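Containing mmCIF, C-alpha atoms and all ligand atoms: data-v2.cif.
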data_entry
loop_
_atom_site.label_atom_id
_atom_site.label_comp_id
_atom_site.auth_asym_id
_atom_site.auth_seq_id
_atom_site.Cartn_x
_atom_site.Cartn_y
_atom_site.Cartn_z
CA MET O 1 27.36 -22.11 -1.76
CA THR O 2 28.50 -23.32 1.65
CA PRO O 3 30.84 -26.06 2.88
CA ALA O 4 29.37 -29.31 4.20
CA ALA O 5 30.49 -32.83 4.97
CA VAL O 6 28.46 -35.56 3.29
CA VAL O 7 28.49 -38.85 5.17
CA HIS O 8 27.27 -42.08 3.56
CA TYR O 9 26.52 -45.33 5.32
CA HIS O 10 25.81 -48.77 3.93
CA GLU O 11 22.07 -48.92 3.50
CA ILE O 12 22.10 -52.66 3.07
CA SER O 13 23.62 -53.30 6.46
CA LEU O 14 20.57 -51.73 8.05
CA LYS O 15 18.08 -54.27 9.23
CA ARG O 16 14.67 -52.70 9.10
CA GLY O 17 13.89 -52.59 12.80
CA ASN O 18 17.37 -51.38 13.74
CA ARG O 19 17.45 -48.54 11.28
CA PRO O 20 16.20 -45.71 13.52
CA LEU O 21 18.54 -46.79 16.34
CA PHE O 22 21.47 -47.09 13.95
CA LEU O 23 20.89 -43.65 12.48
CA ARG O 24 20.28 -41.91 15.77
CA GLN O 25 23.45 -43.39 17.22
CA LEU O 26 25.47 -42.54 14.12
CA GLN O 27 24.25 -38.94 14.29
CA HIS O 28 25.15 -38.68 17.99
CA ASN O 29 28.56 -40.21 17.37
CA LEU O 30 29.33 -37.88 14.47
CA LEU O 31 28.46 -34.86 16.56
CA ARG O 32 30.54 -36.11 19.46
CA ALA O 33 33.48 -36.87 17.16
CA VAL O 34 33.69 -33.38 15.65
CA GLY O 35 31.64 -31.15 17.95
CA ASP O 36 34.65 -29.60 19.69
CA LEU O 37 36.24 -28.43 16.42
CA GLY O 38 33.66 -25.78 15.61
CA PRO O 39 29.96 -25.22 14.97
CA VAL O 40 28.28 -28.05 13.06
CA GLU O 41 24.66 -28.59 12.16
CA LEU O 42 23.58 -32.08 11.34
CA SER O 43 20.74 -33.11 9.10
CA GLN O 44 19.49 -36.45 7.89
CA LEU O 45 18.76 -36.30 4.17
CA SER O 46 17.53 -39.24 2.13
CA GLY O 47 20.23 -41.87 2.60
CA ARG O 48 23.04 -39.63 3.85
CA ILE O 49 23.90 -37.46 6.81
CA VAL O 50 25.03 -33.92 6.14
CA LEU O 51 27.11 -31.83 8.50
CA ASP O 52 26.57 -28.19 7.67
CA LEU O 53 29.87 -26.35 8.12
CA ALA O 54 28.75 -22.89 7.01
CA ARG O 55 29.94 -21.34 10.28
CA HIS O 56 32.98 -23.57 10.64
CA ARG O 57 36.44 -22.01 10.39
CA ALA O 58 38.41 -25.05 9.27
CA PRO O 59 36.21 -27.74 7.72
CA ALA O 60 39.23 -29.82 6.65
CA ASP O 61 40.02 -30.47 10.32
CA LEU O 62 37.01 -32.75 10.49
CA LEU O 63 38.32 -35.33 8.05
CA GLU O 64 40.68 -37.14 10.36
CA ARG O 65 37.95 -37.43 12.98
CA LEU O 66 35.31 -38.64 10.52
CA ALA O 67 37.64 -41.44 9.41
CA ARG O 68 37.28 -42.94 12.89
CA VAL O 69 33.51 -42.99 13.15
CA SER O 70 32.35 -46.56 12.71
CA GLY O 71 29.22 -47.09 10.69
CA VAL O 72 30.42 -44.66 7.99
CA ALA O 73 30.88 -46.10 4.49
CA ASN O 74 32.50 -42.98 3.03
CA PHE O 75 32.55 -39.23 3.52
CA ALA O 76 33.65 -36.08 1.74
CA LEU O 77 33.96 -32.36 2.13
CA ALA O 78 31.44 -30.95 -0.31
CA ILE O 79 30.01 -27.74 -1.64
CA ARG O 80 26.38 -27.40 -0.73
CA THR O 81 24.32 -25.55 -3.32
CA GLY O 82 20.88 -25.21 -4.88
CA VAL O 83 19.45 -27.50 -7.55
CA SER O 84 19.25 -25.11 -10.49
CA ARG O 85 21.50 -25.89 -13.46
CA GLU O 86 23.29 -22.58 -13.04
CA MET O 87 24.02 -23.29 -9.41
CA LEU O 88 25.27 -26.77 -10.20
CA ARG O 89 27.58 -25.41 -12.87
CA ALA O 90 28.94 -22.80 -10.46
CA ALA O 91 29.49 -25.43 -7.77
CA VAL O 92 31.34 -27.73 -10.18
CA GLU O 93 33.49 -24.80 -11.23
CA GLN O 94 34.35 -24.10 -7.62
CA ALA O 95 35.02 -27.76 -6.88
CA ILE O 96 37.59 -28.08 -9.66
CA GLY O 97 39.11 -24.68 -8.97
CA GLY O 98 42.85 -24.80 -8.31
CA ARG O 99 43.14 -28.49 -9.24
CA ALA O 100 45.43 -29.80 -11.94
CA PHE O 101 44.02 -32.67 -14.00
CA GLY O 102 44.27 -33.90 -17.56
CA SER O 103 41.15 -36.06 -17.56
CA PHE O 104 37.96 -36.09 -15.55
CA ARG O 105 34.45 -37.36 -15.33
CA ILE O 106 31.24 -36.16 -13.70
CA THR O 107 29.35 -38.73 -11.63
CA ALA O 108 25.89 -37.37 -10.98
CA ARG O 109 23.23 -39.07 -8.87
CA ARG O 110 19.68 -37.94 -8.40
CA ALA O 111 17.99 -38.87 -5.14
CA PHE O 112 14.65 -37.91 -6.70
CA LYS O 113 13.47 -38.44 -10.21
CA THR O 114 11.57 -35.23 -10.84
CA PHE O 115 14.75 -33.26 -11.53
CA PRO O 116 14.43 -32.17 -15.19
CA LEU O 117 17.61 -33.94 -16.34
CA THR O 118 18.51 -37.62 -15.99
CA SER O 119 21.88 -38.42 -14.38
CA VAL O 120 23.36 -39.08 -17.81
CA GLU O 121 22.13 -35.75 -19.17
CA LEU O 122 23.45 -33.99 -16.12
CA ASN O 123 26.84 -35.68 -16.55
CA ARG O 124 26.96 -34.45 -20.14
CA GLU O 125 25.87 -30.92 -19.37
CA LEU O 126 28.27 -30.44 -16.45
CA GLY O 127 31.04 -32.22 -18.36
CA ALA O 128 30.62 -29.81 -21.25
CA HIS O 129 30.85 -26.94 -18.78
CA VAL O 130 34.17 -28.25 -17.41
CA LEU O 131 35.52 -28.73 -20.95
CA ALA O 132 34.63 -25.14 -21.71
CA GLN O 133 36.63 -24.02 -18.67
CA ARG O 134 39.56 -26.35 -19.33
CA PRO O 135 39.90 -26.77 -23.08
CA GLY O 136 43.00 -28.99 -22.77
CA CYS O 137 41.21 -31.61 -20.69
CA ARG O 138 39.41 -34.71 -21.86
CA VAL O 139 36.66 -36.86 -20.42
CA SER O 140 37.65 -40.31 -19.21
CA LEU O 141 34.88 -42.46 -17.81
CA GLU O 142 37.18 -45.38 -16.96
CA HIS O 143 40.30 -43.78 -15.51
CA PRO O 144 39.65 -40.12 -14.77
CA GLU O 145 42.29 -38.17 -12.89
CA LEU O 146 39.47 -36.26 -11.25
CA ASN O 147 36.01 -37.61 -10.53
CA VAL O 148 33.54 -34.83 -9.75
CA ARG O 149 30.56 -36.16 -7.85
CA VAL O 150 27.22 -34.42 -7.90
CA GLU O 151 24.39 -35.53 -5.63
CA VAL O 152 21.08 -33.90 -6.37
CA LEU O 153 18.45 -34.00 -3.63
CA PRO O 154 14.97 -32.45 -3.81
CA ASP O 155 15.96 -29.09 -2.30
CA GLU O 156 19.72 -28.94 -2.56
CA ALA O 157 22.75 -30.51 -4.15
CA PHE O 158 26.26 -31.50 -3.06
CA VAL O 159 29.35 -31.41 -5.22
CA TYR O 160 32.67 -32.95 -4.21
CA CYS O 161 35.79 -34.60 -5.61
CA ASP O 162 37.55 -36.60 -2.91
CA PRO O 163 35.37 -39.07 -1.07
CA GLN O 164 37.32 -40.96 1.55
CA PRO O 165 36.57 -44.47 2.74
CA GLY O 166 34.95 -44.50 6.16
CA ALA O 167 35.69 -46.96 8.96
CA GLY O 168 32.83 -49.26 7.96
CA GLY O 169 31.14 -51.42 10.56
CA LEU O 170 28.32 -50.28 12.82
CA PRO O 171 27.99 -47.22 15.08
CA VAL O 172 29.41 -47.67 18.58
CA GLY O 173 26.49 -47.95 20.97
CA THR O 174 24.23 -50.12 18.81
CA GLY O 175 25.70 -53.47 19.82
CA GLY O 176 25.69 -53.67 23.63
CA THR O 177 28.59 -53.56 26.07
CA VAL O 178 31.50 -56.00 26.24
CA VAL O 179 34.46 -56.28 28.60
CA ALA O 180 37.86 -56.57 26.89
CA LEU O 181 40.81 -58.17 28.65
CA LEU O 182 43.53 -55.74 27.73
CA SER O 183 47.15 -56.75 28.23
CA GLY O 184 49.93 -54.41 27.15
CA GLY O 185 50.46 -56.60 24.07
CA ILE O 186 49.75 -56.19 20.38
CA ASP O 187 46.69 -58.39 20.07
CA SER O 188 44.16 -57.38 22.67
CA PRO O 189 43.84 -53.71 21.59
CA VAL O 190 43.10 -54.88 18.05
CA ALA O 191 40.52 -57.36 19.37
CA ALA O 192 38.82 -54.62 21.40
CA TRP O 193 38.74 -52.32 18.39
CA ARG O 194 37.13 -54.97 16.21
CA LEU O 195 34.23 -55.16 18.63
CA MET O 196 33.90 -51.36 18.68
CA LYS O 197 33.68 -51.52 14.92
CA ARG O 198 30.80 -53.93 15.26
CA GLY O 199 28.93 -51.39 17.36
CA CYS O 200 29.90 -52.47 20.89
CA ARG O 201 30.92 -50.26 23.76
CA VAL O 202 34.08 -51.72 25.23
CA VAL O 203 34.96 -51.58 28.93
CA PHE O 204 38.59 -52.53 29.58
CA VAL O 205 40.10 -54.72 32.29
CA HIS O 206 43.84 -54.90 32.82
CA PHE O 207 45.62 -57.22 35.26
CA HIS O 208 48.97 -56.07 36.58
CA SER O 209 51.57 -57.66 38.81
CA ALA O 210 53.00 -54.66 40.62
CA PRO O 211 54.84 -54.71 42.95
CA TYR O 212 56.17 -58.09 41.82
CA LEU O 213 57.02 -56.67 38.43
CA PRO O 214 58.07 -53.13 37.46
CA ASP O 215 54.96 -51.03 37.04
CA LEU O 216 55.10 -50.56 33.27
CA SER O 217 52.05 -52.41 32.03
CA ARG O 218 49.59 -50.05 33.71
CA GLY O 219 50.98 -47.07 31.83
CA LYS O 220 50.77 -48.98 28.57
CA ALA O 221 47.21 -50.05 29.25
CA ARG O 222 46.26 -46.44 29.96
CA GLU O 223 47.88 -45.20 26.77
CA LEU O 224 46.21 -47.94 24.74
CA VAL O 225 42.81 -47.11 26.20
CA ALA O 226 43.38 -43.41 25.55
CA ARG O 227 44.03 -44.17 21.86
CA LEU O 228 41.12 -46.58 21.52
CA THR O 229 38.79 -44.05 23.14
CA GLN O 230 38.98 -42.04 19.91
CA TRP O 231 36.65 -44.70 18.51
CA GLN O 232 34.09 -44.76 21.29
CA TYR O 233 34.45 -41.31 22.93
CA TYR O 234 34.35 -42.56 26.51
CA SER O 235 36.02 -45.55 28.11
CA ARG O 236 36.32 -47.14 31.50
CA LEU O 237 39.44 -49.07 32.43
CA PHE O 238 39.45 -51.35 35.48
CA ILE O 239 42.91 -52.07 36.78
CA VAL O 240 43.09 -55.28 38.78
CA PRO O 241 46.07 -56.05 41.05
CA PHE O 242 46.93 -59.62 40.12
CA GLY O 243 50.34 -60.17 41.72
CA GLU O 244 49.07 -61.53 45.04
CA ILE O 245 46.63 -63.79 43.25
CA GLN O 246 49.43 -65.15 41.09
CA ARG O 247 51.52 -65.78 44.18
CA GLU O 248 48.73 -67.94 45.59
CA VAL O 249 48.64 -69.86 42.32
CA VAL O 250 52.38 -70.44 42.37
CA LEU O 251 52.15 -71.90 45.87
CA ALA O 252 49.43 -74.38 44.89
CA VAL O 253 49.69 -75.13 41.19
CA PRO O 254 52.51 -76.99 39.39
CA PRO O 255 54.22 -74.95 36.64
CA PRO O 256 52.74 -76.50 33.48
CA ALA O 257 49.16 -75.73 34.56
CA ARG O 258 49.74 -72.18 35.73
CA VAL O 259 49.06 -70.25 32.56
CA VAL O 260 45.65 -71.83 32.13
CA VAL O 261 44.83 -71.27 35.79
CA TYR O 262 45.83 -67.58 35.52
CA ARG O 263 43.61 -67.19 32.47
CA ARG O 264 40.68 -68.88 34.16
CA LEU O 265 41.05 -66.54 37.12
CA MET O 266 41.22 -63.54 34.81
CA VAL O 267 38.04 -64.68 33.10
CA ARG O 268 36.19 -65.11 36.38
CA ILE O 269 37.30 -61.68 37.63
CA ALA O 270 36.52 -60.01 34.30
CA GLU O 271 33.04 -61.55 34.45
CA GLY O 272 32.59 -59.97 37.87
CA VAL O 273 33.40 -56.60 36.33
CA ALA O 274 31.18 -57.37 33.32
CA ARG O 275 28.18 -58.04 35.54
CA GLN O 276 28.74 -54.76 37.36
CA VAL O 277 28.84 -52.71 34.16
CA GLY O 278 26.05 -54.58 32.38
CA ALA O 279 28.33 -56.20 29.77
CA LEU O 280 27.12 -59.30 27.96
CA ALA O 281 30.39 -60.84 26.77
CA LEU O 282 34.17 -60.84 27.22
CA VAL O 283 36.73 -60.14 24.49
CA THR O 284 40.30 -61.42 24.31
CA GLY O 285 43.12 -61.13 21.79
CA GLU O 286 43.69 -64.87 21.51
CA SER O 287 44.55 -66.37 18.14
CA LEU O 288 44.59 -70.09 17.62
CA GLY O 289 47.93 -71.76 18.25
CA GLN O 290 49.86 -68.53 18.76
CA VAL O 291 51.17 -69.55 22.17
CA ALA O 292 50.76 -72.55 24.47
CA SER O 293 47.72 -71.16 26.24
CA GLN O 294 45.95 -70.70 22.92
CA THR O 295 45.62 -74.29 21.74
CA LEU O 296 42.10 -75.57 21.23
CA HIS O 297 42.47 -77.71 24.33
CA ASN O 298 43.49 -74.85 26.53
CA LEU O 299 40.93 -72.45 25.09
CA THR O 300 38.35 -75.07 25.99
CA ARG O 301 39.65 -75.11 29.57
CA ILE O 302 39.32 -71.33 29.67
CA ASP O 303 35.80 -71.37 28.25
CA GLU O 304 34.69 -73.93 30.84
CA VAL O 305 34.74 -71.36 33.62
CA ALA O 306 32.95 -68.64 31.67
CA SER O 307 29.24 -68.06 32.03
CA MET O 308 29.15 -65.50 29.24
CA PRO O 309 30.53 -65.78 25.71
CA ILE O 310 34.24 -65.11 25.26
CA LEU O 311 34.57 -63.34 21.92
CA ARG O 312 37.89 -63.85 20.14
CA PRO O 313 37.81 -61.76 16.99
CA LEU O 314 41.44 -62.57 16.14
CA ILE O 315 41.12 -66.33 16.46
CA GLY O 316 41.81 -67.03 12.78
CA MET O 317 44.33 -64.27 12.13
CA ASP O 318 48.11 -64.53 11.72
CA LYS O 319 50.42 -62.41 13.83
CA LEU O 320 51.40 -60.49 10.70
CA GLU O 321 47.81 -59.56 9.91
CA ILE O 322 47.17 -58.53 13.51
CA THR O 323 50.35 -56.44 13.53
CA GLU O 324 49.28 -54.62 10.37
CA GLN O 325 45.96 -53.73 11.97
CA ALA O 326 47.70 -52.57 15.14
CA ARG O 327 49.92 -50.28 13.08
CA ALA O 328 46.98 -48.83 11.19
CA LEU O 329 45.17 -48.32 14.46
CA GLY O 330 48.10 -46.56 16.11
CA THR O 331 48.35 -49.00 19.02
CA PHE O 332 51.38 -50.92 17.75
CA GLU O 333 54.01 -48.45 18.90
CA VAL O 334 52.56 -48.47 22.40
CA SER O 335 52.25 -52.25 22.50
CA ILE O 336 55.89 -52.85 21.60
CA GLU O 337 57.24 -50.62 24.35
CA PRO O 338 59.07 -52.87 26.77
CA ASP O 339 57.09 -54.03 29.74
CA ALA O 340 56.89 -56.94 32.10
CA ASP O 341 53.80 -58.91 31.10
CA CYS O 342 52.09 -60.27 34.18
CA CYS O 343 51.90 -63.67 32.60
CA THR O 344 55.66 -63.95 32.27
CA LEU O 345 55.78 -63.71 36.04
CA PHE O 346 55.91 -67.08 37.73
CA THR O 347 55.35 -68.68 34.34
CA PRO O 348 57.20 -71.84 33.35
CA ARG O 349 59.18 -72.02 30.12
CA HIS O 350 57.11 -74.94 28.89
CA PRO O 351 53.45 -74.57 29.77
CA ALA O 352 51.18 -77.50 29.01
CA THR O 353 49.52 -77.27 25.61
CA ARG O 354 46.93 -79.91 26.43
CA ILE O 355 45.62 -79.90 29.90
CA ALA O 356 42.70 -82.10 30.92
CA ALA O 357 39.59 -80.71 32.57
CA GLU O 358 40.00 -82.97 35.63
CA GLU O 359 43.61 -81.92 36.03
CA VAL O 360 42.82 -78.18 36.18
CA ALA O 361 39.85 -78.81 38.41
CA ALA O 362 42.07 -80.80 40.78
CA VAL O 363 44.74 -78.10 41.07
CA GLU O 364 42.16 -75.33 41.37
CA ALA O 365 40.55 -77.21 44.26
CA ARG O 366 43.63 -76.26 46.28
CA LEU O 367 42.82 -72.57 45.86
CA ASP O 368 40.22 -70.43 47.57
CA LEU O 369 38.70 -69.56 44.21
CA ILE O 370 35.76 -67.53 45.47
CA GLY O 371 38.04 -65.57 47.77
CA LEU O 372 40.57 -64.82 45.05
CA VAL O 373 37.95 -63.76 42.54
CA THR O 374 36.16 -61.54 45.05
CA GLN O 375 39.49 -60.04 46.04
CA GLY O 376 40.26 -59.25 42.38
CA VAL O 377 36.86 -57.72 41.62
CA GLU O 378 36.81 -55.62 44.78
CA ALA O 379 40.34 -54.31 44.35
CA ALA O 380 39.68 -53.20 40.75
CA GLN O 381 40.45 -49.50 40.33
CA ARG O 382 38.34 -47.65 37.84
CA GLU O 383 39.69 -44.96 35.52
CA GLU O 384 37.79 -42.93 32.93
CA PHE O 385 38.86 -41.66 29.52
CA GLU O 386 37.13 -39.15 27.27
CA PHE O 387 37.50 -38.12 23.69
CA PRO O 388 37.71 -35.30 22.79
CA ALA O 389 39.42 -34.30 26.04
CA GLY O 390 37.01 -32.61 28.43
CA ALA O 391 33.89 -33.67 26.54
CA GLY O 392 32.62 -35.75 29.47
CA PRO O 393 31.15 -39.24 29.62
CA TYR O 394 29.36 -40.58 26.58
CA PRO O 395 26.49 -41.13 26.29
CA PRO O 396 25.87 -38.34 28.80
CA ARG O 397 24.98 -39.63 32.24
CA GLY O 398 21.25 -39.87 32.66
CA ALA O 399 20.71 -40.57 28.97
CA GLY O 400 20.55 -44.33 29.17
CA HIS O 401 23.86 -44.55 31.01
CA ARG O 402 23.86 -47.13 33.79
CA SER O 403 25.73 -45.83 36.76
CA VAL O 404 27.97 -48.27 38.56
CA THR O 405 27.33 -49.17 42.15
CA GLY O 406 29.29 -51.26 44.62
CA PRO O 407 33.01 -51.66 44.94
CA LEU O 408 33.62 -50.73 41.31
CA ALA O 409 32.04 -47.31 41.66
CA GLU O 410 35.19 -45.45 42.62
P1 LIG O 501 48.30 -59.86 23.66
O1 LIG O 501 49.16 -59.48 22.49
O2 LIG O 501 46.92 -59.31 23.59
O3 LIG O 501 48.98 -59.63 24.97
P2 LIG O 501 49.27 -62.52 23.63
O4 LIG O 501 49.56 -62.98 22.25
O5 LIG O 501 50.38 -62.03 24.48
O6 LIG O 501 48.10 -61.43 23.55
P3 LIG O 501 48.41 -64.18 25.84
O7 LIG O 501 49.49 -63.67 26.73
O8 LIG O 501 48.16 -65.66 25.81
O9 LIG O 501 48.56 -63.75 24.35
O10 LIG O 501 47.07 -63.46 26.26
C1 LIG O 501 45.89 -63.84 25.64
C2 LIG O 501 44.82 -62.82 25.96
O11 LIG O 501 44.57 -62.82 27.38
C3 LIG O 501 45.22 -61.41 25.63
O12 LIG O 501 44.98 -61.11 24.28
C4 LIG O 501 44.32 -60.63 26.55
O13 LIG O 501 43.02 -60.53 26.02
C5 LIG O 501 44.30 -61.50 27.79
N1 LIG O 501 45.36 -61.07 28.73
C6 LIG O 501 46.60 -61.55 28.87
N2 LIG O 501 47.28 -60.89 29.81
C7 LIG O 501 46.45 -59.94 30.28
C8 LIG O 501 46.54 -58.91 31.28
N3 LIG O 501 47.67 -58.71 31.96
N4 LIG O 501 45.47 -58.13 31.50
C9 LIG O 501 44.34 -58.31 30.80
N5 LIG O 501 44.18 -59.25 29.86
C10 LIG O 501 45.22 -60.06 29.60
MG MG O 502 50.50 -60.62 25.86
#
Take the structure from the file and write it as C-alpha cells.
Ligand code: ATP
Ligand code: MG
Amino acid sequence: MTPAAVVHYHEISLKRGNRPLFLRQLQHNLLRAVGDLGPVELSQLSGRIVLDLARHRAPADLLERLARVSGVANFALAIRTGVSREMLRAAVEQAIGGRAFGSFRITARRAFKTFPLTSVELNRELGAHVLAQRPGCRVSLEHPELNVRVEVLPDEAFVYCDPQPGAGGLPVGTGGTVVALLSGGIDSPVAAWRLMKRGCRVVFVHFHSAPYLPDLSRGKARELVARLTQWQYYSRLFIVPFGEIQREVVLAVPPPARVVVYRRLMVRIAEGVARQVGALALVTGESLGQVASQTLHNLTRIDEVASMPILRPLIGMDKLEITEQARALGTFEVSIEPDADCCTLFTPRHPATRIAAEEVAAVEARLDLIGLVTQGVEAAQREEFEFPAGAGPYPPRGAGHRSVTGPLAE
C-alpha cells in the first residue's frame, strides 16, 4: 500500500478532438504545480490521473497546490493497493484508521467489469468488514459521517475518504493567449483569473502614471500578478508609463470625454502588446453600469477602436459577487491597499456616460494617436513571474514557447 493522489476531471467537458491536448496539458500542469514539493510519478489511468507519492515525504503538502490546478473536477489523497479482496479490506482499514465516525458508507466503483464482485457486492463486503472493526457504527447511505470511496481499476485500486472539489474549468494552456488590462483594483484580477480558468494563458499589461502620481500601483500590479501566477505557473507583466500620454490628453480633450479617450488609448496600446506576444484577445474587469465609463454607450466607444475581441468576463456581475471571488482568490487584500489609480489622475468628477462616436473621433483628431500608441508600446517594461519560485518559464522555452522580439523583448 502506497500513498497517491487521484485526480478526476470532467469527462463530458472533453470534446473528442481536444481530449489528447487537454490531458497532456493537465498532466504537465499538475507536475509543474507540485513538482518542487518532492518526487512524483504521474500516470494516466482510465478516466483519472494518478500521482504516485510512494517516495514523497509529505503527500498532504500537495493538496493546497492541487486545488489551484484548473481542469480538475476533484482530487484526493488515496491509498494505492492491489485488487484482491484482502488487499481492499486492508486498504479500507487503513483509510478509516484514527478517524472518529458514528456512521459511514462505502462507495465502490469499478472501472472494469470483470472484477468478480459488482459495486454493490463490494460495498456490502467492505461495509461488513468496517462494521466488524467498529461494532458501534452503523451504515448510512444518505447521510454518512464518513464516505469511504473505493475505485477498482484493472491492475490496482484506490481507497480514500476526503475528495476535495477541484478548481473546475479547463487546463491553462489549452485556450490560447490573452492580454489582461490589470489595474490595481478589485475587478481586473478576477477577470484575468476567469480566463485562466477557461484554459487561457494571460499576459498582463498595467498602465501607471508615475511620476505624476505616487508610484504605488506598480507594486500592487506586481503583487497581484505574483498571486495569479500560482494558477498559470509563469506570467509576463508589461508596465506601460501612461502619465505623459494622459498629459497630452488633458491638453487636447475636454474633461467629460477623457475617461473614454484614456480607455481607447489603453486598448490600442494593449493590442500592440498582444500582437507582440501572439495574444488573440484582450480582457478587462468592466462590469455593466458600475462606473461612468462602463455604460453600454461608452463600452461601444471603447470597442470601436479594438481590432481584437475585448473579453469582459465580469460584465454581468455585481460588485458584491466580484468581491467575493477576489477574496476567495486572495487578490482582494492587495487590491484594497491604497493607491493612486491612474484614471483618477486628470479625471473629471462627472465623466460623460453617453458619448457619441463623432464626438470622440473629433477630440481624438487633435492627438497624435499613432505617436502616442507607439510611444506606449515601445516604453513597455517587461517583467517575468514564476511559480513555484525558481521553476523557470512555463512552458519551457523551446517547447512551443514563442520568444518575444522587438522593443518588448527586454
Ligand atoms: P478595476 O477594479 O479592475 O480597477 P474598475 O471598477 O476600477 O476596475 P475602471 O477604472 O473603469 O473600473 O477600469 C475598467 C477596466 O479597465 C479595468 O478593469 C481594467 O481592466 C482596465 N484598467 C483600468 N485602469 C487600468 C490600468 N491602470 N492599467 C491597466 N488596466 C486598467
Ligand atoms: Mg480601477
Query raised in the report: Using only C-alpha atoms and all ligand atoms, which of O:Phe207, O:Phe387, O:Phe238, O:Tyr9 sits nearest ligand LIG 501 (chain O)?
Result: O:Phe207
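Nearest residue to ligand LIG 501 (chain O), choosing from O:Ile239, O:Ala357, O:Val249, O:Leu367 and counting all atoms listed in the file: O:Ile239.
One finds atom CA of Leu288 of chain O at 6.4 Å from atom CA of Gly316 of chain O.
Among the candidates O:Ser307, O:Thr300, O:Gln164, O:Thr323, the residue lying nearest to Leu77 of chain O is O:Gln164 (atoms considered: all atoms listed in the file).
Ranking O:Asp215, O:Glu359, O:Asp61, O:Asp187 by their shortest atom-to-atom distance to ligand MG 502 (chain O), with all atoms listed in the file included, puts O:Asp187 first.
Here the selection is built from only C-alpha atoms, and the residues within 9 Å of (51.0, -51.7, 37.4) turn out to be Phe207, His208, Ser209, Ala210, Pro211, Leu213, Pro214, Asp215, Leu216, Ser217, Arg218, Gly219, Ile239, Val240 and Pro241 of chain O.
Of note, atom CA of Leu53 of chain O and atom CA of Val40 of chain O are spaced 5.5 Å apart.
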